[in-house]
Amino acid sequence: MKQKTLARSFRLEGVGLHTGKSVTIDFEPAEVNHGIRFIRMDMADQPVLVAEVNHVVSTNRGTTIRNGEAQISTVEHVLSAIAGSSIDNVLIKVSGPEIPIMDGSAIHFIEGIQKAGVVEQDADREYFEIEEPISFRDEVTGTELLALPSENFEITAMIDFNSQILGHQYASLENIDDYAEQIAPCRTFVFVRELEKLFDQNLIKGGDLDNAVVIADRLMDQEELDRLAKKLGKQSITVEKTGILNTTKLKFENEPARHKLLDVLGDLTLLGKPIKGKIVARKPGHTANIEFTKLLKRKLVEQRKLKGRPKVDPDQPALYDIEAIRKLLPHRYPFLLVDKIVEMTENYIVGVKNITFNEPFFQGHFPENAIFPGVLQIEALAQVGGVFVLSKIEDPENWGTLLLKIDNTKFKNKVGPGDQLILKMELLQAVRRGICLMYGTAYVGSKLVSESEITAQIVRNPLANE
């Protein structure tokens, strides 16, 4: 399978479910390995928010992601539509802090995507393949999510709200091609008894009978309904019997379960990779969905480490020897920590650092127990990443890289004299505005010794124009 993006741009307009604010949302094609990103067009610096599970800051009646001061709420429906359309790369420009609720389903997003068209790109799709069962359980709520090996992506959702009106339901999606017809039209739902509490939490300001299935699972007296309508700023209704309050019928008998499946798929999209496996969700909710996705993310990283371990053939000539590296990097003794580059593709680079007892820091780190410092392992990885980005610039001698951020760094095994450090840096997303995010792993033999997510900026050298 190849990566996919939109054939052309399109725009939608609507109201945020919780903020009640009018929002314009533009969908634009994006290059390979771009992933799914949002831009807050209404903010001065137009910050970019990557659709990534570690950026989730709230799961209260929707999924919210944040980058610094910028956040976007209720992203699950649009992410579900993108995943349901098998799109990998898209840029979404939003004019406010929340994705519009539309009719409470994903169908308007799907229709926009279908009208714009989807095109294949010149890059293979990378999947997270479920190789063994992965399970999550919330003991308090009884929520369970399970990922099982399968040749294709499948998902099943089961719900139980302990309600006579909304009892046990389940829904399944066995082929992603059926998403648009079977899942996308299914609307979000809420119980009448929940409305006042949600309003008091400063939520559902944009909610009405046109964008949610409202369920009355108990009779309510007219005084209570009138008070609720006044608080919500809506016209009062009469509940003469329990059941669905909307003027339209359910689109499917199990529409609530199908919508929960829609939500699960949207939250799983924050994994950043399409899944090859079967997902089973019992009593799912956004909080559990996100915790499960975080668990899958950790498994994905572990899988990537094992499958991505580089092999170095000493008989093969270096792509960049030490003299070629010196022309790209400004580092010199005793801080040049890369001896050669042995492999490089469009997405990753592999370098080698040979460690001897002659390294100057071994005099003090430590005299009786020589250990190659962890901070220098990260520096060595960063230098390999520097070779990667600078080698793709026409005049690399006029540019350099500055370290901006180090995340999720771990040290697994000791490194010392006599070891050969194999350094791999993998591009996590396309370089944008001079910002490069890479995932680094360092190995000695078959052992992973350290890992880190490293963010750097490509900058022009101060003397470049002199």
# chains A, B, ... in the order shown; residues from 1 in each chain; ligands from 1
call {"tool": "residues_around", "arguments": {"residues": "A:Lys412", "least_positions_apart": "5", "cutoff": "8 Å", "atoms": "only C-alpha atoms", "output": "PyMOL selection string"}}
result
chain A and resi 448-450
call {"tool": "residues_around", "arguments": {"residues": "stretch 322-339 of chain A", "least_positions_apart": "3", "cutoff": "10 Å", "atoms": "only C-alpha atoms", "output": "PyMOL selection string"}}
result
chain A and resi 318-319+342+351-355+359-361+376-377+379-384+386-391+395-401+421-423
call {"tool": "write_last_selection", "arguments": {"atoms": "C-alpha atoms", "output": "CSV table (one decimal), in the first residue's frame"}}
result
chain,number,residue,atom,x,y,z
A,318,ALA,CA,31.8,4.2,4.2
A,319,LEU,CA,29.3,6.6,2.6
A,342,VAL,CA,27.6,3.6,6.6
A,351,GLY,CA,26.7,6.1,11.7
A,352,VAL,CA,29.5,4.5,13.7
A,353,LYS,CA,31.5,5.7,16.7
A,354,ASN,CA,34.4,3.5,17.7
A,355,ILE,CA,35.2,3.9,21.4
A,359,GLU,CA,38.9,9.0,24.9
A,360,PRO,CA,39.8,12.0,27.2
A,361,PHE,CA,36.7,11.8,29.4
A,376,LEU,CA,27.7,11.9,24.8
A,377,GLN,CA,25.7,9.1,23.3
A,379,GLU,CA,25.4,14.1,21.3
A,380,ALA,CA,26.7,11.4,18.9
A,381,LEU,CA,23.2,10.6,17.7
A,382,ALA,CA,22.5,14.3,17.2
A,383,GLN,CA,25.7,14.7,15.1
A,384,VAL,CA,24.6,11.8,12.9
A,386,GLY,CA,23.2,16.7,11.6
A,387,VAL,CA,25.0,14.8,8.8
A,388,PHE,CA,21.6,13.7,7.6
A,389,VAL,CA,20.0,17.1,7.3
A,390,LEU,CA,23.1,19.0,6.1
A,391,SER,CA,23.8,16.5,3.4
A,395,ASP,CA,25.6,24.7,0.5
A,396,PRO,CA,26.0,22.8,3.8
A,397,GLU,CA,29.1,24.7,4.7
A,398,ASN,CA,26.9,27.8,5.2
A,399,TRP,CA,24.5,26.0,7.6
A,400,GLY,CA,24.5,24.3,10.9
A,401,THR,CA,22.1,22.6,13.4
A,421,LEU,CA,28.5,2.3,18.9
A,422,ILE,CA,26.0,2.0,16.0
A,423,LEU,CA,24.0,5.1,15.7
call {"tool": "residues_around", "arguments": {"residues": "stretch 289-296 of chain A", "least_positions_apart": "4", "cutoff": "8 Å", "atoms": "only C-alpha atoms", "output": "PDB file with C-alpha atoms, in the first residue's frame"}}
result
ATOM      1  CA  VAL A  53      -1.390  10.720  21.258  1.00  0.00           C
ATOM      2  CA  ASN A  54       1.245  12.241  23.541  1.00  0.00           C
ATOM      3  CA  VAL A  56      -3.606  14.826  24.212  1.00  0.00           C
ATOM      4  CA  THR A  59     -10.646  13.524  27.168  1.00  0.00           C
ATOM      5  CA  ILE A 134      -2.165  -6.277  23.638  1.00  0.00           C
ATOM      6  CA  SER A 135      -4.817  -5.508  26.255  1.00  0.00           C
ATOM      7  CA  PHE A 136      -5.951  -2.605  28.416  1.00  0.00           C
ATOM      8  CA  LEU A 145      -9.688  -2.738  24.795  1.00  0.00           C
ATOM      9  CA  VAL A 264     -12.433   4.528  18.878  1.00  0.00           C
ATOM     10  CA  ASP A 267      -8.694   8.199  18.907  1.00  0.00           C
ATOM     11  CA  LEU A 268      -6.567   5.319  17.563  1.00  0.00           C
ATOM     12  CA  LEU A 270      -3.441   9.508  17.164  1.00  0.00           C
ATOM     13  CA  LEU A 271      -1.092   6.512  17.138  1.00  0.00           C
ATOM     14  CA  PRO A 284     -15.074   2.335  25.237  1.00  0.00           C
ATOM     15  CA  GLY A 285     -14.703   6.018  26.085  1.00  0.00           C
ATOM     16  CA  LEU A 300       5.120   0.443  18.326  1.00  0.00           C
TER      17      LEU A 300
END
call {"tool": "residues_around", "arguments": {"residues": "A:Gln169", "least_positions_apart": "4", "cutoff": "10 Å", "atoms": "only C-alpha atoms", "output": "list of chain:residue names"}}
result
A:Ala157, A:Met158, A:Ile159, A:Asp160, A:Phe161, A:Glu253, A:Asn254, A:Glu255, A:Pro256, A:Ala257, A:Arg258, A:Lys283
call {"tool": "residues_around", "arguments": {"residues": "A:Val32", "least_positions_apart": "2", "cutoff": "9 Å", "atoms": "only C-alpha atoms", "output": "PyMOL selection string"}}
result
chain A and resi 3-5+30+34-35+88-89+121-123+429-430
call {"tool": "write_last_selection", "arguments": {"atoms": "N, CA and C atoms", "output": "PDB file, in the first residue's frame"}}
result
ATOM      1  N   GLN A   3       1.226   5.513   0.560  1.00  0.00           N
ATOM      2  CA  GLN A   3       0.640   6.600   1.323  1.00  0.00           C
ATOM      3  C   GLN A   3      -0.338   7.371   0.446  1.00  0.00           C
ATOM      4  N   LYS A   4      -1.297   8.020   1.091  1.00  0.00           N
ATOM      5  CA  LYS A   4      -2.326   8.754   0.349  1.00  0.00           C
ATOM      6  C   LYS A   4      -2.530  10.139   0.948  1.00  0.00           C
ATOM      7  N   THR A   5      -2.976  11.054   0.081  1.00  0.00           N
ATOM      8  CA  THR A   5      -3.361  12.388   0.510  1.00  0.00           C
ATOM      9  C   THR A   5      -4.543  12.851  -0.328  1.00  0.00           C
ATOM     10  N   ALA A  30      -0.969  17.139   1.526  1.00  0.00           N
ATOM     11  CA  ALA A  30       0.326  17.273   2.198  1.00  0.00           C
ATOM     12  C   ALA A  30       1.301  16.257   1.611  1.00  0.00           C
ATOM     13  N   HIS A  34       4.233  13.484   6.007  1.00  0.00           N
ATOM     14  CA  HIS A  34       3.786  14.685   6.715  1.00  0.00           C
ATOM     15  C   HIS A  34       2.909  14.319   7.898  1.00  0.00           C
ATOM     16  N   GLY A  35       2.114  13.271   7.734  1.00  0.00           N
ATOM     17  CA  GLY A  35       1.170  12.885   8.768  1.00  0.00           C
ATOM     18  C   GLY A  35      -0.038  13.814   8.789  1.00  0.00           C
ATOM     19  N   ASP A  88      -3.130   9.326   4.794  1.00  0.00           N
ATOM     20  CA  ASP A  88      -1.973   9.382   5.686  1.00  0.00           C
ATOM     21  C   ASP A  88      -1.490  10.803   5.935  1.00  0.00           C
ATOM     22  N   ASN A  89      -1.602  11.654   4.921  1.00  0.00           N
ATOM     23  CA  ASN A  89      -0.992  12.980   4.980  1.00  0.00           C
ATOM     24  C   ASN A  89      -2.016  14.055   4.629  1.00  0.00           C
ATOM     25  N   GLN A 121       0.579   8.372  -3.189  1.00  0.00           N
ATOM     26  CA  GLN A 121       1.832   9.105  -3.230  1.00  0.00           C
ATOM     27  C   GLN A 121       2.994   8.138  -3.429  1.00  0.00           C
ATOM     28  N   ASP A 122       4.139   8.684  -3.736  1.00  0.00           N
ATOM     29  CA  ASP A 122       5.303   7.861  -4.061  1.00  0.00           C
ATOM     30  C   ASP A 122       6.080   7.493  -2.798  1.00  0.00           C
ATOM     31  N   ALA A 123       5.404   6.803  -1.897  1.00  0.00           N
ATOM     32  CA  ALA A 123       6.050   6.326  -0.662  1.00  0.00           C
ATOM     33  C   ALA A 123       5.182   5.223  -0.081  1.00  0.00           C
ATOM     34  N   GLN A 429       9.079  13.055  11.013  1.00  0.00           N
ATOM     35  CA  GLN A 429       8.162  13.823  10.177  1.00  0.00           C
ATOM     36  C   GLN A 429       8.987  14.706   9.256  1.00  0.00           C
ATOM     37  N   ALA A 430       8.373  15.117   8.177  1.00  0.00           N
ATOM     38  CA  ALA A 430       9.090  15.916   7.187  1.00  0.00           C
ATOM     39  C   ALA A 430       9.636  17.197   7.809  1.00  0.00           C
TER      40      ALA A 430
END
call {"tool": "select_by_dssp", "arguments": {"residues": "stretch 369-424 of chain A", "states": "alpha helix (DSSP H)", "output": "count of residues only"}}
result
17
call {"tool": "closest_residue", "arguments": {"among": "A:Glu343, A:Glu111, A:Glu144, A:Asp313", "to": "A:Ala180", "atoms": "only C-alpha atoms"}}
result
A:Glu111
call {"tool": "closest_residue", "arguments": {"among": "A:Arg8, A:Arg66, A:Lys2, A:Lys410", "to": "A:Arg40", "atoms": "only C-alpha atoms"}}
result
A:Arg66
call {"tool": "select_by_dssp", "arguments": {"residues": "stretch 44-117 of chain A", "states": "strand (DSSP E or B)", "output": "PyMOL selection string"}}
result
chain A and resi 48-50+56-58+64-67+70-73+89-94+98+100
call {"tool": "write_last_selection", "arguments": {"atoms": "C-alpha atoms", "output": "PDB file, in the first residue's frame"}}
result
ATOM      1  CA  VAL A  48       1.019  23.646  14.275  1.00  0.00           C
ATOM      2  CA  LEU A  49      -0.483  20.791  16.285  1.00  0.00           C
ATOM      3  CA  VAL A  50       0.567  17.274  15.303  1.00  0.00           C
ATOM      4  CA  VAL A  56      -3.606  14.826  24.212  1.00  0.00           C
ATOM      5  CA  VAL A  57      -4.422  17.017  27.229  1.00  0.00           C
ATOM      6  CA  SER A  58      -8.111  16.284  27.816  1.00  0.00           C
ATOM      7  CA  THR A  64      -8.271  17.632  22.890  1.00  0.00           C
ATOM      8  CA  ILE A  65      -4.671  18.061  21.706  1.00  0.00           C
ATOM      9  CA  ARG A  66      -2.314  20.902  22.614  1.00  0.00           C
ATOM     10  CA  ASN A  67       0.963  22.461  21.532  1.00  0.00           C
ATOM     11  CA  ALA A  70      -2.622  26.337  21.316  1.00  0.00           C
ATOM     12  CA  GLN A  71      -5.170  23.556  21.575  1.00  0.00           C
ATOM     13  CA  ILE A  72      -7.878  22.025  19.419  1.00  0.00           C
ATOM     14  CA  SER A  73     -10.821  20.122  20.886  1.00  0.00           C
ATOM     15  CA  ASN A  89      -0.992  12.980   4.980  1.00  0.00           C
ATOM     16  CA  VAL A  90      -3.200  16.053   5.333  1.00  0.00           C
ATOM     17  CA  LEU A  91      -2.971  19.611   6.640  1.00  0.00           C
ATOM     18  CA  ILE A  92      -6.069  20.894   8.460  1.00  0.00           C
ATOM     19  CA  LYS A  93      -6.404  24.645   8.986  1.00  0.00           C
ATOM     20  CA  VAL A  94      -8.855  25.586  11.737  1.00  0.00           C
ATOM     21  CA  GLU A  98     -12.609  23.288  18.253  1.00  0.00           C
ATOM     22  CA  PRO A 100     -17.073  21.809  14.125  1.00  0.00           C
TER      23      PRO A 100
END
call {"tool": "closest_residue", "arguments": {"among": "A:Tyr443, A:Tyr127, A:Phe10, A:Phe366", "to": "A:Lys273", "atoms": "only C-alpha atoms"}}
result
A:Tyr127
